[in-house]
Amino acid sequence: MSDGLRVLVVDDVEACRSVLINALGALSGVRIVGTASSGQDALAQLDSLRPDMVLLDVEMPDMDGIATLCAIGKKRVETSVVMVSPSTQSGVEKTMKSLQMGAFDFVSRPADCDPSTQAEKLVNDLRRVVRAFVTRRSVGALSEC
């Protein structure tokens, strides 16, 4: 990760993608390598972008986060998926299912993707996830010796 943690941001709502991109931009060592507005778009970009992490919206039309997570697993690409979940009952249920399916972690998305709403909380949540990811990578590398 000499060029930083490479992240692909996937959300069907442009305002939400912008909020996530801005929050990630506040973190050092993180580089956004691409964005996608659908699960299909994300899958098409995985091989060329080779992100370390995919920040994936749980609720999207056509191919939701669960279906996209499953398809990423079938592609067998080396990336970790962090689910972005709204604080709705449906979002919580899908997030729990995605964690059972192998998602690395999740963050809660601010309501209505308003950049002023809980922006600091989102940055702190993403910072926690990134640190955990980097730590896991370091430990994983050592255990392979």
# chains A, B, ... in the order shown; residues from 1 in each chain; ligands from 1

call {"tool": "residues_around", "arguments": {"residues": "A:Gly39", "least_positions_apart": "2", "cutoff": "9 Å", "atoms": "only C-alpha atoms", "output": "PyMOL selection string"}}
result
chain A and resi 10-12+36-37+41-44+56-57+60-65+67-69+71

call {"tool": "write_last_selection", "arguments": {"atoms": "C-alpha atoms", "output": "PDB file, in the first residue's frame"}}
result
ATOM      1  CA  VAL A  10     -20.133   2.699  -4.797  1.00  0.00           C
ATOM      2  CA  ASP A  11     -23.449   4.486  -4.253  1.00  0.00           C
ATOM      3  CA  ASP A  12     -26.360   5.072  -6.594  1.00  0.00           C
ATOM      4  CA  ALA A  36     -19.525   3.682  -9.318  1.00  0.00           C
ATOM      5  CA  SER A  37     -23.242   4.380  -9.379  1.00  0.00           C
ATOM      6  CA  ASP A  41     -20.603  -0.565 -12.644  1.00  0.00           C
ATOM      7  CA  ALA A  42     -18.476  -1.474  -9.613  1.00  0.00           C
ATOM      8  CA  LEU A  43     -18.003  -5.051 -10.805  1.00  0.00           C
ATOM      9  CA  ALA A  44     -16.929  -3.830 -14.247  1.00  0.00           C
ATOM     10  CA  LEU A  56     -20.494  -0.246  -0.917  1.00  0.00           C
ATOM     11  CA  ASP A  57     -24.003   1.142  -0.451  1.00  0.00           C
ATOM     12  CA  MET A  60     -29.320   0.297  -4.455  1.00  0.00           C
ATOM     13  CA  PRO A  61     -31.839  -0.430  -7.212  1.00  0.00           C
ATOM     14  CA  ASP A  62     -31.374  -3.391  -9.576  1.00  0.00           C
ATOM     15  CA  MET A  63     -28.317  -4.897  -7.853  1.00  0.00           C
ATOM     16  CA  ASP A  64     -28.246  -4.067  -4.137  1.00  0.00           C
ATOM     17  CA  GLY A  65     -25.225  -4.233  -1.878  1.00  0.00           C
ATOM     18  CA  ALA A  67     -25.959  -9.035  -4.515  1.00  0.00           C
ATOM     19  CA  THR A  68     -22.883  -6.941  -5.331  1.00  0.00           C
ATOM     20  CA  LEU A  69     -20.988  -8.333  -2.328  1.00  0.00           C
ATOM     21  CA  ALA A  71     -20.674 -11.120  -7.005  1.00  0.00           C
TER      22      ALA A  71
END

call {"tool": "select_by_dssp", "arguments": {"residues": "chain A", "states": "alpha helix (DSSP H)", "output": "PyMOL selection string"}}
result
chain A and resi 14-25+39-49+65-75+89-100+119-143

call {"tool": "select_by_dssp", "arguments": {"residues": "chain A", "states": "strand (DSSP E or B)", "output": "list in words"}}
result
Leu5, Arg6, Val7, Leu8, Val9, Val10, Val30, Arg31, Ile32, Val33, Gly34, Thr35, Ala36, Met53, Val54, Leu55, Leu56, Asp57, Ser80, Val81, Val82, Met83, Val84, Ser85, Asp105, Phe106, Val107 and Ser108 of chain A

call {"tool": "write_last_selection", "arguments": {"atoms": "C-alpha atoms", "output": "PDB file, in the first residue's frame"}}
result
ATOM      1  CA  LEU A   5      -5.255   2.607   0.687  1.00  0.00           C
ATOM      2  CA  ARG A   6      -7.010   2.363  -2.679  1.00  0.00           C
ATOM      3  CA  VAL A   7     -10.786   2.777  -2.356  1.00  0.00           C
ATOM      4  CA  LEU A   8     -13.674   2.363  -4.800  1.00  0.00           C
ATOM      5  CA  VAL A   9     -16.820   4.243  -3.673  1.00  0.00           C
ATOM      6  CA  VAL A  10     -20.133   2.699  -4.797  1.00  0.00           C
ATOM      7  CA  VAL A  30      -6.500   7.022   1.542  1.00  0.00           C
ATOM      8  CA  ARG A  31      -6.766   7.373  -2.223  1.00  0.00           C
ATOM      9  CA  ILE A  32     -10.045   7.154  -4.085  1.00  0.00           C
ATOM     10  CA  VAL A  33      -9.333   5.222  -7.258  1.00  0.00           C
ATOM     11  CA  GLY A  34     -12.863   5.259  -8.632  1.00  0.00           C
ATOM     12  CA  THR A  35     -16.565   5.692  -8.133  1.00  0.00           C
ATOM     13  CA  ALA A  36     -19.525   3.682  -9.318  1.00  0.00           C
ATOM     14  CA  MET A  53     -11.352  -1.597  -0.266  1.00  0.00           C
ATOM     15  CA  VAL A  54     -14.813  -1.131  -1.745  1.00  0.00           C
ATOM     16  CA  LEU A  55     -17.134   1.220   0.131  1.00  0.00           C
ATOM     17  CA  LEU A  56     -20.494  -0.246  -0.917  1.00  0.00           C
ATOM     18  CA  ASP A  57     -24.003   1.142  -0.451  1.00  0.00           C
ATOM     19  CA  SER A  80     -12.346  -5.919   1.293  1.00  0.00           C
ATOM     20  CA  VAL A  81     -15.879  -4.576   1.321  1.00  0.00           C
ATOM     21  CA  VAL A  82     -17.184  -2.030   3.803  1.00  0.00           C
ATOM     22  CA  MET A  83     -20.937  -1.615   3.698  1.00  0.00           C
ATOM     23  CA  VAL A  84     -22.518   1.831   3.879  1.00  0.00           C
ATOM     24  CA  SER A  85     -25.808   1.493   5.679  1.00  0.00           C
ATOM     25  CA  ASP A 105     -17.164  -3.818   8.382  1.00  0.00           C
ATOM     26  CA  PHE A 106     -19.811  -1.146   7.942  1.00  0.00           C
ATOM     27  CA  VAL A 107     -20.380   2.557   8.483  1.00  0.00           C
ATOM     28  CA  SER A 108     -23.671   4.382   8.914  1.00  0.00           C
TER      29      SER A 108
END

call {"tool": "closest_residue", "arguments": {"among": "A:Lys97, A:Arg50, A:Arg131, A:Arg136", "to": "A:Cys70", "atoms": "only C-alpha atoms"}}
result
A:Lys97

call {"tool": "residues_around", "arguments": {"residues": "stretch 21-26 of chain A", "least_positions_apart": "2", "cutoff": "6 Å", "atoms": "only C-alpha atoms", "output": "count of residues only"}}
result
3

call {"tool": "closest_residue", "arguments": {"among": "A:Val13, A:Leu27, A:Ala132, A:Ile66", "to": "A:Met101", "atoms": "only C-alpha atoms"}}
result
A:Ile66

call {"tool": "atom_distance", "arguments": {"atom1": "atom CA of A:Gly102", "atom2": "atom CA of A:Arg17"}}
result
22.7 Å

call {"tool": "atom_distance", "arguments": {"atom1": "atom CA of A:Lys74", "atom2": "atom CA of A:Val58"}}
result
18.0 Å

call {"tool": "atom_distance", "arguments": {"atom1": "atom CA of A:Arg109", "atom2": "atom CA of A:Pro86"}}
result
5.2 Å
